[in-house]
Amino acid sequence: MRTILITGPGGAGRTTVAAATAVAAARAGTRTLLLGADRADTLGAALGTPTGPAPVTVAPGLTAWRPDATAGFRTDLTAFQDRAASVLDLLGAARLDAEEVTPLPGAEELTLLRALRDASLSDAHDLLVVDLPPTAQALALLALPGELRRYLRRLLPSERQAARALRPVLGRLAGVPMPAEWLYETAARWEVELGAVEAVLADPATVVRLVAEPGPAGADAVRTAVLALAVRGLRPDLLVASRVLPEAAADGWLAGPVAQQRKVLDEWRAGHDVRPVAHLGQDPRGPEDLTALAVPGPGDTTSAVDWPVTDALADEGVLVWHLPLPGAIRDELDLIRRGDELVLTVGPFRRIVALPSALRRCTVAGASLREGELRIRFAPDPALWPGGR
């Protein structure tokens with residue numbers, strides 16, 4: 001299944017573009033699922049058809065679904081309390097009834113990730129269009145599966161399960177219950193579920209598409225989003241410029257806004273595949289208005305970016321790891337080698353990256369930032385490198 005993840009700054013029209021993309025794909029004969037996560041039914045407002053926890057058919061070949069974070073959170077919490085009953089009783093904790101549970105912050109994001117995983121495993125659709133939250137939340141959402149998997153592996157490493165036979169004995173010696181088997185089983189299940197979500201996000205058939213209104217605020221938002229995606233080894237497949245005013249409106253009081261949009265569009269075209277979407281003069285409502293927007297279809301683009309390692313051993317005695325980071329500033333860049341991982345900080349964005357296998361047998365020999373690309377030099381460690389180089 002091909003997946004299009006659509007995001008952009010708040011108020012830029014990302015939900016409208018997501019809905020229009022899904023409508024266009026369905027009209028072209030592609031079985032399409034449109035997935036959203038907003039508590040308010042912004043998708044339904046754009047489609048002209050209410051959406052909710054039950055998938056609804058909007059048009060032939062188009063289904064819309066907005067899963068309920070509250071219901072999912074209640075179900076998960078109830079199941080957790082049932083399995084942790086002995087521990088809760090030991091602590092004297094009072095159980096929560098399902099009726100008094102309200103979702104915690106982040107429940108919408110987790111619900112959306114689970115729905116994305118379920119949709120990708122289904123063969124009922126050929127295209128999944130996801131209306132992500134605004135850019136900042138969307139970028140955190142894309143990082144969440146990998147971060148949670150890393151935390152699980154540190155807190156509950158799978159090798160500890162080999163000592164499960166000792167836990168009852170240790171529990172009696174310590175006088176308190178040791179972690180129950182269900183805890184490790186739950187961690188293993190989460191590992192599988194998070195791995196499935198991460199596989200969808202890393203799939204070459206999954207692309208991230210940015211939506212922004214050409215203007216000063218939109219230009220700033222795009223620069224930030226592009227850098228944040230680059231830290232995660234991604235780039236937008238397309239940049240959809242929303243609400244573009246017609247050149248015919250360049251006379252009169254709209255001359256200033258038209259000139260401003262034209263300037264930003266020219267800047268964007270220098271580095272992105274820009275697709276302008278015209279301003280209809282009204283808020284689009286229903287399939288006919290969405291079709292009139294003429295948004296770009298799925299295409300065969302990709303968001304994956306290679307981080308290649310080049311061999312400069314013969315000339316310089318090093319291997320060079322190339323990390324494209326468009327918009328990065330040298331003074332806001334920080335690198336820390338920790339074991340077989342690299343802690344990469346670029347401005348407000350931070351990521352822990354596993355080193356390629358060849359670089360794990362090397363030491364960091366320096367780094368430079370040139371023309372939007374970070375180049376990290378690694379020198380072979382004689383104690384670890386084949387042949388004792």
# chains A, B, ... in the order shown; residues from 1 in each chain; ligands from 1

call {"tool": "residues_around", "arguments": {"residues": "Thr32 in chain A", "least_positions_apart": "2", "cutoff": "7 Å", "atoms": "only C-alpha atoms", "output": "list of chain:residue names"}}
result
A:Ala22, A:Ala25, A:Ala26, A:Thr30, A:Leu34, A:Gly61, A:Leu62, A:Thr63, A:His125, A:Asp126, A:Leu127, A:Leu128

call {"tool": "closest_atom_pairs", "arguments": {"of": "range 190-271 of chain A", "to": "range 365-386 of chain A", "cutoff": "12 Å", "atoms": "only C-alpha atoms", "output": "CSV"}}
result
residue,atom,partner,partner_atom,distance
A:Val226,CA,A:Gly372,CA,11.6
A:Leu227,CA,A:Gly372,CA,9.8
A:Ala230,CA,A:Glu373,CA,10.2
A:Val231,CA,A:Leu374,CA,10.7
A:Gly271,CA,A:Gly372,CA,11.8

call {"tool": "residues_around", "arguments": {"residues": "Gly286 in chain A", "least_positions_apart": "6", "cutoff": "9 Å", "atoms": "only C-alpha atoms", "output": "PyMOL selection string"}}
result
chain A and resi 44-49

call {"tool": "residues_around", "arguments": {"residues": "Ile4 in chain A", "least_positions_apart": "6", "cutoff": "9 Å", "atoms": "only C-alpha atoms", "output": "JSON, numbers by chain"}}
result
{"A": [18, 127, 128, 129, 130, 131, 205, 206, 207, 208, 209, 298]}

call {"tool": "write_last_selection", "arguments": {"atoms": "N, CA, C and O atoms", "output": "PDB file, in the first residue's frame"}}
result
ATOM      1  N   ALA A  18      -5.360  17.195   2.309  1.00  0.00           N
ATOM      2  CA  ALA A  18      -5.438  15.749   2.524  1.00  0.00           C
ATOM      3  C   ALA A  18      -6.747  15.202   1.969  1.00  0.00           C
ATOM      4  O   ALA A  18      -6.777  14.173   1.275  1.00  0.00           O
ATOM      5  N   LEU A 127      -4.373   2.883  -1.292  1.00  0.00           N
ATOM      6  CA  LEU A 127      -3.722   4.137  -0.910  1.00  0.00           C
ATOM      7  C   LEU A 127      -4.245   4.579   0.445  1.00  0.00           C
ATOM      8  O   LEU A 127      -5.448   4.552   0.703  1.00  0.00           O
ATOM      9  N   LEU A 128      -3.305   4.983   1.301  1.00  0.00           N
ATOM     10  CA  LEU A 128      -3.659   5.538   2.606  1.00  0.00           C
ATOM     11  C   LEU A 128      -3.191   6.983   2.646  1.00  0.00           C
ATOM     12  O   LEU A 128      -2.002   7.264   2.475  1.00  0.00           O
ATOM     13  N   VAL A 129      -4.131   7.903   2.854  1.00  0.00           N
ATOM     14  CA  VAL A 129      -3.811   9.324   2.996  1.00  0.00           C
ATOM     15  C   VAL A 129      -4.055   9.693   4.454  1.00  0.00           C
ATOM     16  O   VAL A 129      -5.155   9.501   4.975  1.00  0.00           O
ATOM     17  N   VAL A 130      -3.019  10.212   5.117  1.00  0.00           N
ATOM     18  CA  VAL A 130      -3.104  10.501   6.547  1.00  0.00           C
ATOM     19  C   VAL A 130      -3.014  12.000   6.775  1.00  0.00           C
ATOM     20  O   VAL A 130      -2.026  12.639   6.380  1.00  0.00           O
ATOM     21  N   ASP A 131      -4.042  12.547   7.400  1.00  0.00           N
ATOM     22  CA  ASP A 131      -4.037  13.951   7.793  1.00  0.00           C
ATOM     23  C   ASP A 131      -3.354  14.045   9.147  1.00  0.00           C
ATOM     24  O   ASP A 131      -3.966  13.880  10.191  1.00  0.00           O
ATOM     25  N   ALA A 205       7.499   3.315   0.012  1.00  0.00           N
ATOM     26  CA  ALA A 205       6.203   3.698  -0.551  1.00  0.00           C
ATOM     27  C   ALA A 205       5.462   4.696   0.330  1.00  0.00           C
ATOM     28  O   ALA A 205       4.357   5.121  -0.011  1.00  0.00           O
ATOM     29  N   THR A 206       6.050   5.075   1.470  1.00  0.00           N
ATOM     30  CA  THR A 206       5.458   6.077   2.351  1.00  0.00           C
ATOM     31  C   THR A 206       6.173   7.405   2.142  1.00  0.00           C
ATOM     32  O   THR A 206       7.400   7.475   2.231  1.00  0.00           O
ATOM     33  N   VAL A 207       5.417   8.452   1.859  1.00  0.00           N
ATOM     34  CA  VAL A 207       6.012   9.767   1.637  1.00  0.00           C
ATOM     35  C   VAL A 207       5.409  10.783   2.597  1.00  0.00           C
ATOM     36  O   VAL A 207       4.279  10.633   3.062  1.00  0.00           O
ATOM     37  N   VAL A 208       6.201  11.799   2.880  1.00  0.00           N
ATOM     38  CA  VAL A 208       5.738  12.928   3.695  1.00  0.00           C
ATOM     39  C   VAL A 208       5.546  14.112   2.761  1.00  0.00           C
ATOM     40  O   VAL A 208       6.450  14.473   2.001  1.00  0.00           O
ATOM     41  N   ARG A 209       4.384  14.709   2.818  1.00  0.00           N
ATOM     42  CA  ARG A 209       4.045  15.827   1.939  1.00  0.00           C
ATOM     43  C   ARG A 209       3.747  17.060   2.785  1.00  0.00           C
ATOM     44  O   ARG A 209       2.917  17.006   3.701  1.00  0.00           O
ATOM     45  N   PRO A 298      -0.959  10.773  -6.004  1.00  0.00           N
ATOM     46  CA  PRO A 298       0.069  10.022  -5.273  1.00  0.00           C
ATOM     47  C   PRO A 298       1.436  10.044  -5.943  1.00  0.00           C
ATOM     48  O   PRO A 298       2.453  10.279  -5.295  1.00  0.00           O
TER      49      PRO A 298
END

call {"tool": "residues_around", "arguments": {"residues": "Ala124 in chain A", "least_positions_apart": "3", "cutoff": "9 Å", "atoms": "only C-alpha atoms", "output": "list in words"}}
result
Arg31, Thr32, Leu33 and Ala119 of chain A

call {"tool": "select_by_dssp", "arguments": {"residues": "range 199-359 of chain A", "states": "strand (DSSP E)", "output": "ChimeraX atom specification"}}
result
/A:206-212,236-244,274-278,309-312,318-324,333-338,341-346,349-354

call {"tool": "residues_around", "arguments": {"residues": "Val200 in chain A", "least_positions_apart": "3", "cutoff": "10 Å", "atoms": "only C-alpha atoms", "output": "MDAnalysis selection string"}}
result
chainID A and resid 1:3 113 116:117 120:121 194:197 203:206

call {"tool": "write_last_selection", "arguments": {"atoms": "N, CA, C and O atoms", "output": "mmCIF file, in the first residue's frame"}}
result
data_model
loop_
_atom_site.group_PDB
_atom_site.id
_atom_site.type_symbol
_atom_site.label_atom_id
_atom_site.label_comp_id
_atom_site.auth_asym_id
_atom_site.auth_seq_id
_atom_site.Cartn_x
_atom_site.Cartn_y
_atom_site.Cartn_z
ATOM 1 N N MET A 1 0.837 -1.195 0.000
ATOM 2 C CA MET A 1 0.000 0.000 0.000
ATOM 3 C C MET A 1 0.876 1.251 0.000
ATOM 4 O O MET A 1 1.857 1.324 0.739
ATOM 5 N N ARG A 2 0.519 2.222 -0.810
ATOM 6 C CA ARG A 2 1.223 3.501 -0.806
ATOM 7 C C ARG A 2 0.592 4.394 0.257
ATOM 8 O O ARG A 2 -0.635 4.404 0.442
ATOM 9 N N THR A 3 1.429 5.122 0.985
ATOM 10 C CA THR A 3 0.951 5.963 2.081
ATOM 11 C C THR A 3 1.462 7.380 1.887
ATOM 12 O O THR A 3 2.653 7.595 1.630
ATOM 13 N N LEU A 113 -1.281 6.249 15.381
ATOM 14 C CA LEU A 113 -0.252 5.287 14.996
ATOM 15 C C LEU A 113 -0.826 3.878 14.904
ATOM 16 O O LEU A 113 -0.502 3.124 13.983
ATOM 17 N N LEU A 116 -2.909 3.683 11.816
ATOM 18 C CA LEU A 116 -2.043 3.636 10.637
ATOM 19 C C LEU A 116 -1.505 2.225 10.425
ATOM 20 O O LEU A 116 -1.480 1.715 9.300
ATOM 21 N N ARG A 117 -1.094 1.595 11.517
ATOM 22 C CA ARG A 117 -0.592 0.218 11.418
ATOM 23 C C ARG A 117 -1.687 -0.724 10.925
ATOM 24 O O ARG A 117 -1.475 -1.530 10.017
ATOM 25 N N SER A 120 -2.464 -0.223 7.251
ATOM 26 C CA SER A 120 -1.420 -0.691 6.345
ATOM 27 C C SER A 120 -1.421 -2.201 6.197
ATOM 28 O O SER A 120 -0.959 -2.730 5.185
ATOM 29 N N LEU A 121 -1.919 -2.904 7.209
ATOM 30 C CA LEU A 121 -1.954 -4.366 7.157
ATOM 31 C C LEU A 121 -3.188 -4.896 6.436
ATOM 32 O O LEU A 121 -3.281 -6.083 6.153
ATOM 33 N N LEU A 194 5.016 -1.607 17.642
ATOM 34 C CA LEU A 194 5.782 -0.415 17.296
ATOM 35 C C LEU A 194 6.669 -0.671 16.087
ATOM 36 O O LEU A 194 6.859 0.204 15.240
ATOM 37 N N GLY A 195 7.213 -1.899 16.011
ATOM 38 C CA GLY A 195 8.020 -2.252 14.852
ATOM 39 C C GLY A 195 7.218 -2.204 13.571
ATOM 40 O O GLY A 195 7.724 -1.780 12.524
ATOM 41 N N ALA A 196 5.948 -2.631 13.643
ATOM 42 C CA ALA A 196 5.086 -2.595 12.458
ATOM 43 C C ALA A 196 4.821 -1.155 12.029
ATOM 44 O O ALA A 196 4.828 -0.844 10.832
ATOM 45 N N VAL A 197 4.604 -0.261 13.000
ATOM 46 C CA VAL A 197 4.387 1.149 12.662
ATOM 47 C C VAL A 197 5.653 1.749 12.068
ATOM 48 O O VAL A 197 5.614 2.464 11.060
ATOM 49 N N ASP A 203 8.931 2.651 5.064
ATOM 50 C CA ASP A 203 8.700 2.044 3.759
ATOM 51 C C ASP A 203 8.940 3.074 2.644
ATOM 52 O O ASP A 203 8.468 4.209 2.723
ATOM 53 N N PRO A 204 9.668 2.708 1.587
ATOM 54 C CA PRO A 204 9.873 3.642 0.472
ATOM 55 C C PRO A 204 8.570 4.100 -0.175
ATOM 56 O O PRO A 204 8.541 5.146 -0.833
ATOM 57 N N ALA A 205 7.499 3.315 0.012
ATOM 58 C CA ALA A 205 6.203 3.698 -0.551
ATOM 59 C C ALA A 205 5.462 4.696 0.330
ATOM 60 O O ALA A 205 4.357 5.121 -0.011
ATOM 61 N N THR A 206 6.050 5.075 1.470
ATOM 62 C CA THR A 206 5.458 6.077 2.351
ATOM 63 C C THR A 206 6.173 7.405 2.142
ATOM 64 O O THR A 206 7.400 7.475 2.231
#

call {"tool": "select_by_dssp", "arguments": {"residues": "range 281-343 of chain A", "states": "alpha helix (DSSP H)", "output": "number ranges by chain"}}
result
A: 286-292, 313-316

call {"tool": "atom_distance", "arguments": {"atom1": "CA of His322 in chain A", "atom2": "CA of Pro356 in chain A"}}
result
11.7 Å

call {"tool": "closest_residue", "arguments": {"among": "A:Val258, A:Val295, A:Leu359, A:Val353", "to": "Arg232 in chain A", "atoms": "only C-alpha atoms"}}
result
A:Val353

call {"tool": "residues_around", "arguments": {"residues": "Pro53 in chain A", "least_positions_apart": "4", "cutoff": "7 Å", "atoms": "only C-alpha atoms", "output": "PDB file with N, CA and C atoms, in the first residue's frame"}}
result
ATOM      1  N   TRP A  65     -11.923   7.745   7.965  1.00  0.00           N
ATOM      2  CA  TRP A  65     -11.936   7.164   9.308  1.00  0.00           C
ATOM      3  C   TRP A  65     -11.216   8.106  10.265  1.00  0.00           C
ATOM      4  N   ARG A  66     -11.877   8.406  11.375  1.00  0.00           N
ATOM      5  CA  ARG A  66     -11.295   9.238  12.431  1.00  0.00           C
ATOM      6  C   ARG A  66     -11.449   8.487  13.745  1.00  0.00           C
ATOM      7  N   PRO A  67     -10.456   7.645  14.099  1.00  0.00           N
ATOM      8  CA  PRO A  67     -10.587   6.782  15.276  1.00  0.00           C
ATOM      9  C   PRO A  67     -10.736   7.576  16.563  1.00  0.00           C
ATOM     10  N   ASP A  68     -11.416   6.970  17.533  1.00  0.00           N
ATOM     11  CA  ASP A  68     -11.735   7.610  18.811  1.00  0.00           C
ATOM     12  C   ASP A  68     -10.639   7.300  19.825  1.00  0.00           C
TER      13      ASP A  68
END

call {"tool": "atom_distance", "arguments": {"atom1": "CA of Pro326 in chain A", "atom2": "CA of His272 in chain A"}}
result
11.6 Å

call {"tool": "atom_distance", "arguments": {"atom1": "CA of Asp334 in chain A", "atom2": "CA of Leu355 in chain A"}}
result
16.0 Å
